[in-house]
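What follows is a set of notes on a single structure, which appears directly below.
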Amino acid sequence: MILPWLILIPFIGGLLCWQGERFGATLPRWVAMLTMLLELGLGLWLWTTGNYQLAPAPGADPVWALEYQASWIPAFGISLHLALDGLSLLMILLTGLLGVLSVLCSWKEIQNHVGFFHLNLMWILGGVVGVFLAMDLFLFFFFWEMMLVPMYFLIALWGHSSDDGKRTRIYAATKFFIFTQASGLIMLVAILALVFVNYDNTGVITFNYSDLLKAELAPGVEWLLMLGFFVAFAVKLPVVPVHSWLPDAHAQAPTAGSVDLAGILLKTAAYGLLRFAIPLFPDASAQFAPVAMTLAVIGIFYGALLSFAQTDIKRLVAYSSVSHMGFVLIGIYSGSQMALQGVVVQMLAHGLSAAGLFILCGQLYERLHTRDMRQMGGIWARMPYLPAVSLFFASASLGLPGTGNFVGEFLILMGSFKAVPVIVVIATFGLVLASVYSLIMIHRAHFGAAKSDKPLLALDSRELLMVLGLAALLVILGVYPQPVLDTTAASMHGVQQWLGTALSQLVSAR
Amino acid sequence: MDLTIQHFTAILPLLVLSATVIVVMLAIAWRRNHSQSYILSGIGLVLSLAALVPSMQVAPLAVTPLLLVDNFAGFYMGLILLATLGCLTLTHAYLGRFSGEGYPGNREEMYLLMLLAALGGMVLVCSQHLAGLFIGLEMLSVPVYGMVAYAFFNKRSLEAGIKYMVLSAAGSAFLLFGMALLYADAGSLSFAGIGAHVAATGLATPLAQLGIGMMLVGLAFKLSMVPFHLWTPDVYEGAPVPVAAFLASASKVAVFAVLLRLYLQSPAMAGGWLENLLALFAIGSILIGNLLALTQSNLKRLLGYSSIAHFGYITIALIAGKGLAQEAIALYLVTYVITSLGAFGVIALMSTPFKGRDCDALYEYRGLFWRRPYLTAVLTLMMLSLAGIPLTAGFIGKFFIIATGVQSQLWWLLGVMVIGSGIAVFYYLRVMVTLFLVEPNLRRYDAPMNWNVRAGGIMLLAIAVLAFFFGVYPQPLLQLVKLAVLAV
């Protein structure tokens, strides 16, 4: 019974926040905070008690650390099927943690309609947890689409329009919504086609993940369906030709929105690839792997170059996410256990580091009221702590050893090298560009001549606690990633078997 | 044929409603009282709904060659009655409860017209004969002319009424001509007879095909499908809000139901260029409806265009015609009725009581959330439902349409639907976000403070709960629509 509660807690908490506004603006913040702490606490409790050796793998019925199933729409073979394995658990932990942080970082930033803001925030997180737990394709799609609406509101109502007024927050929010919704519908068509193909073969109509894993698909059909799933995930990840919603949405969103977008929402796409696209369509995925990796390499360089060219500090961080997600995509399609383990670490590390950078951007914005780096400069001299912490997160983002990002990228590149040496060699140069854009951000914002001598308000303890906490976690992840690796070993082993078998068949067929 | 008590039981809902019409008319002649007419009409509708129960026990039963009362008819009659009941409650709030406020003319006849139109719709969904179809359709349309032009001192309302009358008459002319051609070919006017004739000859003759094509055009007029959609936005804008709600819900449901029956019972409809014609109608409706809705700043016009697009989606299921199609259509119509009643209901309450012009400009809704949170929540839910976002009934409807399309492998139409939905999201979101923006200082319109304790408001909240409930737990609805499936 604990799995449905993981989803329900944020939804109920959100409603309480909304109604709690009647009793002042502070109550919703505390309610939201407690909700997310409860979620995080439950996640941690599950981590210590669960057996994460259990995970789905090819050739047998999927086994889970924890499972819940209830009837929902029996006429269509749709059930409320939730299940948890190591991968889901870590993603939920990340969601809980970033949830707490997004409440904390909005403490002073959001002053209008606090209750409604937290309602939206909680519902996003609830939807994301649903995505990570759903093992029924209908349910998965349900949550996948559902979390868009509160995110839309978050950006459209509490976002910041760009300084020149060209890009309004509503424009950004709408673009985000349309991109994800349209691509989601393509996935819905693919889901339904998969269900009906399975129905034609077996005579049973079902949306259940474990049943659909056994669906036998003709190669052509498998390709098309895989593409349908891939498009939806590619938009959300984002992969380069369909990434253009991301910088707008990130830049215009309030800090909490950016933290959730970069930290969690992008991870739902990677999760979707690992959980659905590859296990359901291993052969087509194996054939598609070179294309996906090429797109990933393009993404790494394109993201890095555009990141370098930005003047808006949040857009810079946003484009850097495009670049980082390129590595994740390479790892996912490499079919090696080590690279897949690296993907998990990279996802967590990017979640933490991007969240840290966005929180820092938000803190800068609260003090300077601009995100334009041309208006900054010399901040190092004007305030303590913040520039130094920024430097730490920038170096984490460029993959400095000792941070989780290094472990992630290193494992991905090492693991993939055997399978796709050329791509890995090219991608490695992306790391050089990563240091260029990370350092140029520090250079432009914090060094150089100060625009004004007026000292800026120092970080208060709440702000300091958030960023230092994130920094500590990043270092722990970088120095001792073993617990994370152990937790997801079984899940990643399953994915590796699915894709690895298909890849080796592909090689032998040539 | 002999009419036994069974036959009368079967058409009991129709009889009850006819009696109600007469009672309401006599009551008006005896004493003009707004609430009295409203209550009488409401009671009549509820009784008619109740009469469906005995009627369904004797179904399926053919009553005269014109009408066939079966589960299919029962389901759609129920839907029409409920939709009319919804519109009726809105009308009562909208026209103003007390004399002196609200609508300045005679209010009572509106109920009369609405009941008549509902009766026409019910005849339409029962008809199994072209004559029955025509009687039903005219009985549905003619009162609506009067309803659209009910605020006759308002130029726009009058204009809309005349426009609707002229175009509707043109549609009827097409329909009649089509029927004549069909009769010339098949020698029968009953759906089954035409079907049998075509089945016997194996292939529909060009004459029959032309006839059916012209009938399709006539019905497409009523359903406002592209390229016969031009009247829709003007009529929706000009008509008083409850009437627009009636047009969008009860009227369209009835016409689509009869189209479905015709399509399923006459094999002449299936295959060949007629299917392509329908597909073209669907593609045109989805794309043009959605594209034109993009630039609207008037909420009623926007809903008008969106209804064009929605009937484009639903036509996809009609074209699929097999498998889940019937359930999908029934489901989609239910969700669409719920949603459009909800959306128009909010506009109606905002314009309550009648002030000469409806509150339909989008800017008048700016920041509504911060002063009427629950009313806004209703409208937001309806917009999400129209856009087909999970947690709302609209999502289930859309899901079923896509499922039907996938099952019948109509990939092109599905592609168009995906594109159309992508476009549609834009304008639904625009409405939604307007509700939440900072409110302007100047405002002319507002819902009454106590909107949620009056009949219209309670109905609206019930609709919102329903839209949410069916979005989360559609199982009861699925079981219901299973009953409505017509055996082919």
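Going by the structure tokens order, chains are called A, B, ..., each with residues numbered from 1, while ligands are numbered from 1 in the order shown.
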
Interface list for chain A, partner chain B, 6 Å threshold, only C-alpha atoms, as a PyMOL selection string: chain A and resi 73+142+146+178+182+192-193

Residues within 10 Å of Leu15 (chain A), only C-alpha atoms, excluding chain neighbours under 3 positions, as a list in words: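 Once the adjacent positions are removed, what remains is Pro10, Phe11, Ile12, Trp18, Gln19, Gly20, Pro28, Val31, Ala32, Gly115, Phe116, His118, Leu119, Asn120, Met122 and Trp123 of chain A.
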
Close residues, region 416-432 of chain A itself excluded, 9 Å, only C-alpha atoms, min 3 positions apart in chain, as a ChimeraX atom specification: /A:290,293-294,296-298,300-301,304,323,326-327,330-331,333-336,338-340,398-399,409,411-413,435-436

Who sits within 12 Å of Asn33 (chain B), only C-alpha atoms, same chain under 3 positions skipped, as a list in words: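 Surrounding residues, per the criterion: Val24, Met25, Leu26, Ala27, Ile28, Ala29, Trp30, Gln36, Ser37, Tyr38, Ile39, Leu40, His92, Arg97, Phe98, Ser99, Asn106, Arg107, Glu108, Glu109 and Tyr111 of chain B.
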
Strand (DSSP E or B) per DSSP on the backbone: members of region 24-216 of chain A, as a list in words: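 Filtering region 24-216 of chain A down to strand (DSSP E or B) leaves Leu66, Glu67, Tyr68, Gln69, Ala70, Ser71, Trp72, Ile73, Ile78, Ser79, Leu80, His81, Leu82, Ala83, Leu84, Ala134, Asp136 and Asn208 of chain A.
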
Would you save the residues of that selection, restricted to C-alpha atoms, as a short mmCIF file (atom, residue, chain, number, x, y, z; two decimals), in the first residue's frame?
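Saved as selection.cif:
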data_model
loop_
_atom_site.label_atom_id
_atom_site.label_comp_id
_atom_site.auth_asym_id
_atom_site.auth_seq_id
_atom_site.Cartn_x
_atom_site.Cartn_y
_atom_site.Cartn_z
CA LEU A 66 7.59 -3.63 -4.25
CA GLU A 67 4.43 -3.94 -6.27
CA TYR A 68 0.85 -2.76 -6.08
CA GLN A 69 -2.01 -3.58 -8.40
CA ALA A 70 -5.66 -2.58 -8.33
CA SER A 71 -8.41 -2.74 -10.87
CA TRP A 72 -9.14 0.47 -12.70
CA ILE A 73 -10.70 0.05 -16.15
CA ILE A 78 -6.04 -1.14 -17.55
CA SER A 79 -5.08 -1.41 -13.93
CA LEU A 80 -3.45 0.77 -11.34
CA HIS A 81 -0.22 -1.14 -11.52
CA LEU A 82 2.63 0.42 -9.60
CA ALA A 83 5.99 -1.12 -9.00
CA LEU A 84 9.31 -0.11 -7.60
CA ALA A 134 3.54 3.38 -13.23
CA ASP A 136 0.74 0.17 -16.83
CA ASN A 208 0.19 -4.08 -18.42
#

For Met414 (chain A), the nearest of the candidates A:Gln341, A:His243, A:Gln363, A:Tyr385, counting only C-alpha atoms: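 Going through A:Gln341, A:His243, A:Gln363, A:Tyr385 one by one, the smallest distance to Met414 (chain A) is for A:Gln341.
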
Proximity to Ala262 (chain A) - best of A:Ala25, A:Leu185, A:Val149, A:Leu246, only C-alpha atoms: A:Leu246

Region 123-125 of chain B surroundings by only C-alpha atoms, 9 Å radius, close-in-sequence under 5 positions cut, as number ranges by chain: B: 14, 67-69, 72-74, 76-77, 118, 132-137, 139-140, 253-258, 261

Point-to-point distance from CA of Ala277 (chain A) to CA of Val317 (chain A), Å rounded to tenths: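 Atom-to-atom, CA of Ala277 (chain A) to CA of Val317 (chain A), that is 27.9 Å.
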
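If only C-alpha atoms are the atoms counted, then among A:Met33, A:Ala75, A:Met441, A:Met466 the closest residue to Ala309 (chain A) is A:Met441.
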